[in-house]
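The next block holds one structure in the form of structure tokens; read it before the comments.
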Amino acid sequence: SIKNNQNNKKYTNNNLNNSLIKTIDTTANFILLEFSHEKIANKFVKFLYRNKITVRHLASYHLPKHVRMTIGNLNEMKKTIKVCNSFNV
């Protein structure tokens, strides 16, 4: 439901604590993640993929330092947050 999605997005924004990642909230069912460099964004996408988490790198949309993360259910977001918070370069 929309309410669950909003709650899960808020939970994600509040618990994503990685100094390499800046979150940009949206009104849609996803958040944007911003990195200081395109190389870090690429490494992040590959790191998540190795952990069986799929996100979209937005380089093809002329946003090379950004990654789109769709909001899932609470259990999925808890796993995703744990993996994201462990990412380092």
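Every chain in the structure tokens takes a letter, A first, then B, and so on in the order presented; its residues are numbered from 1, and the ligands are numbered from 1 following the presented order.
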
message: So that I can see what lies close to Phe47 (chain A), please list as a PyMOL selection string the residues with an atom at most 9 Å from it, counting only C-alpha atoms and leaving out residues fewer than 5 positions away in the same chain.
response: chain A and resi 42+52-53+83-84+87

- request: Any chance you could list, as number ranges by chain, the residues in chain A that come up alpha helix (DSSP H) when DSSP is run on the backbone?
  value: A: 2-15, 38-50, 74-86

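Remark: for Asn29 (chain A), the closest of the candidate residues A:Lys43, A:Arg68, A:Asn15, A:Leu58 is A:Arg68 (distances computed over only C-alpha atoms).
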
message: From the options A:Lys9, A:Lys3, A:Lys78, A:Lys39, which residue's atoms come nearest to Lys65 (chain A), counting only C-alpha atoms?
response: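 Of A:Lys9, A:Lys3, A:Lys78, A:Lys39, the one nearest Lys65 (chain A) is A:Lys39, counting only C-alpha atoms.
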
- prompt: Please, what distance in Å, to one decimal, runs between CA of His57 (chain A) and CA of Phe30 (chain A)?
  reply: 12.9 Å

Excluding same-chain residues fewer than 3 positions from Val67 (chain A), what lies within 8 Å of it counting only C-alpha atoms, as a CSV table (one decimal) with N, CA, C and O atoms, in the first residue's frame?
```
chain,number,residue,atom,x,y,z
A,32,LEU,N,16.7,8.6,-4.2
A,32,LEU,CA,17.9,8.7,-5.0
A,32,LEU,C,19.1,8.7,-4.0
A,32,LEU,O,19.0,9.3,-3.0
A,33,LEU,N,20.2,8.0,-4.4
A,33,LEU,CA,21.4,8.0,-3.6
A,33,LEU,C,22.4,8.8,-4.4
A,33,LEU,O,22.6,8.5,-5.6
A,34,GLU,N,23.1,9.7,-3.8
A,34,GLU,CA,24.1,10.5,-4.5
A,34,GLU,C,25.5,10.2,-3.9
A,34,GLU,O,25.6,10.1,-2.7
A,41,ALA,N,29.8,5.4,-7.2
A,41,ALA,CA,28.5,4.9,-7.6
A,41,ALA,C,28.5,3.6,-8.3
A,41,ALA,O,27.8,2.7,-8.0
A,45,VAL,N,26.9,0.0,-6.9
A,45,VAL,CA,26.0,-0.8,-7.6
A,45,VAL,C,26.5,-2.3,-7.7
A,45,VAL,O,25.7,-3.2,-7.5
A,55,VAL,N,19.7,-2.3,-7.9
A,55,VAL,CA,19.4,-0.9,-8.0
A,55,VAL,C,19.7,-0.4,-9.4
A,55,VAL,O,20.3,-1.2,-10.2
A,56,ARG,N,19.4,0.8,-9.7
A,56,ARG,CA,19.6,1.4,-11.0
A,56,ARG,C,20.6,2.5,-11.0
A,56,ARG,O,20.3,3.5,-10.3
A,57,HIS,N,21.7,2.3,-11.6
A,57,HIS,CA,22.7,3.5,-11.8
A,57,HIS,C,22.1,4.4,-12.9
A,57,HIS,O,21.6,3.9,-13.9
A,58,LEU,N,22.1,5.7,-12.6
A,58,LEU,CA,21.4,6.6,-13.5
A,58,LEU,C,22.3,7.4,-14.4
A,58,LEU,O,22.0,8.4,-14.9
```

- request: With a distance cut-off of 10 Å and only C-alpha atoms, select the neighbouring residues of Asn17 (chain A), excluding the residue or stretch itself and same-chain residues fewer than 6 positions from it, and output the selection as a VMD selection string.
  value: chain A and resid 23 81 to 82 84 to 86

Write the selection just made, keeping N, CA, C and O atoms, as an mmCIF file, in the first residue's frame?
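Contents of result.cif, as written:
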```cif
data_model
loop_
_atom_site.group_PDB
_atom_site.id
_atom_site.type_symbol
_atom_site.label_atom_id
_atom_site.label_comp_id
_atom_site.auth_asym_id
_atom_site.auth_seq_id
_atom_site.Cartn_x
_atom_site.Cartn_y
_atom_site.Cartn_z
ATOM 1 N N THR A 23 21.320 10.755 0.713
ATOM 2 C CA THR A 23 19.994 10.369 0.239
ATOM 3 C C THR A 23 19.219 11.609 -0.195
ATOM 4 O O THR A 23 19.317 12.668 0.415
ATOM 5 N N ILE A 81 19.504 -1.854 3.983
ATOM 6 C CA ILE A 81 20.174 -0.853 4.827
ATOM 7 C C ILE A 81 21.432 -1.444 5.448
ATOM 8 O O ILE A 81 22.489 -0.807 5.459
ATOM 9 N N LYS A 82 21.333 -2.669 5.937
ATOM 10 C CA LYS A 82 22.491 -3.318 6.558
ATOM 11 C C LYS A 82 23.633 -3.433 5.545
ATOM 12 O O LYS A 82 24.780 -3.136 5.857
ATOM 13 N N CYS A 84 24.010 -1.649 2.685
ATOM 14 C CA CYS A 84 24.444 -0.290 2.311
ATOM 15 C C CYS A 84 25.353 0.319 3.360
ATOM 16 O O CYS A 84 26.358 0.949 3.038
ATOM 17 N N ASN A 85 25.000 0.137 4.618
ATOM 18 C CA ASN A 85 25.805 0.722 5.697
ATOM 19 C C ASN A 85 27.175 0.067 5.811
ATOM 20 O O ASN A 85 28.102 0.661 6.374
ATOM 21 N N SER A 86 27.337 -1.132 5.264
ATOM 22 C CA SER A 86 28.636 -1.807 5.311
ATOM 23 C C SER A 86 29.511 -1.488 4.096
ATOM 24 O O SER A 86 30.675 -1.889 4.057
#
```

query: Could you pull the residues within 12 Å of Asn75 (chain A), counting only C-alpha atoms, minus those fewer than 5 positions along the same chain, as a PyMOL selection string?
result: chain A and resi 4+8+11-12+80-82

Could the residues in this selection be written to a file with N, CA and C atoms, as a PDB file, in the first residue's frame?
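result-v3.pdb was written with the following content:
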```
ATOM      1  N   ASN A   4       2.329   1.934   3.564  1.00  0.00           N
ATOM      2  CA  ASN A   4       3.473   1.069   3.877  1.00  0.00           C
ATOM      3  C   ASN A   4       4.723   1.549   3.157  1.00  0.00           C
ATOM      4  N   ASN A   8       8.117   2.717   4.907  1.00  0.00           N
ATOM      5  CA  ASN A   8       9.367   2.025   4.619  1.00  0.00           C
ATOM      6  C   ASN A   8      10.422   2.981   4.057  1.00  0.00           C
ATOM      7  N   TYR A  11      11.697   4.958   7.028  1.00  0.00           N
ATOM      8  CA  TYR A  11      12.577   4.080   7.792  1.00  0.00           C
ATOM      9  C   TYR A  11      13.955   3.994   7.121  1.00  0.00           C
ATOM     10  N   THR A  12      13.955   3.836   5.808  1.00  0.00           N
ATOM     11  CA  THR A  12      15.210   3.729   5.057  1.00  0.00           C
ATOM     12  C   THR A  12      16.018   5.014   5.172  1.00  0.00           C
ATOM     13  N   THR A  80      18.658  -4.360   3.019  1.00  0.00           N
ATOM     14  CA  THR A  80      19.314  -3.402   2.130  1.00  0.00           C
ATOM     15  C   THR A  80      20.096  -2.368   2.929  1.00  0.00           C
ATOM     16  N   ILE A  81      19.504  -1.854   3.983  1.00  0.00           N
ATOM     17  CA  ILE A  81      20.174  -0.853   4.827  1.00  0.00           C
ATOM     18  C   ILE A  81      21.432  -1.444   5.448  1.00  0.00           C
ATOM     19  N   LYS A  82      21.333  -2.669   5.937  1.00  0.00           N
ATOM     20  CA  LYS A  82      22.491  -3.318   6.558  1.00  0.00           C
ATOM     21  C   LYS A  82      23.633  -3.433   5.545  1.00  0.00           C
TER      22      LYS A  82
END
```

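Interatomic distance, CA of Phe35 (chain A) to CA of Ser60 (chain A): 15.7 Å.
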
query: Among chain A, which residues carry a DSSP assignment of strand (DSSP E), reported as a PyMOL selection string?
result: chain A and resi 22-24+30-34+56-57+66-70

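If you measure from each of A:Phe44, A:Lys79, A:His66, A:Asn88 to Lys22 (chain A) using only C-alpha atoms, the closest one turns out to be A:His66.
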
field: One-decimal distance in Å that lies between CA of Glu38 (chain A) and CA of Val89 (chain A)
entry: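 Calculated distance between CA of Val89 (chain A) and CA of Glu38 (chain A) is 12.4 Å.
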
message: With distances taken over only C-alpha atoms, which residue among A:Met77, A:Ile21, A:Ile71, A:Leu63 lies nearest Ile2 (chain A)?
response: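 Among the listed residues, the smallest separation from Ile2 (chain A) belongs to A:Ile71.
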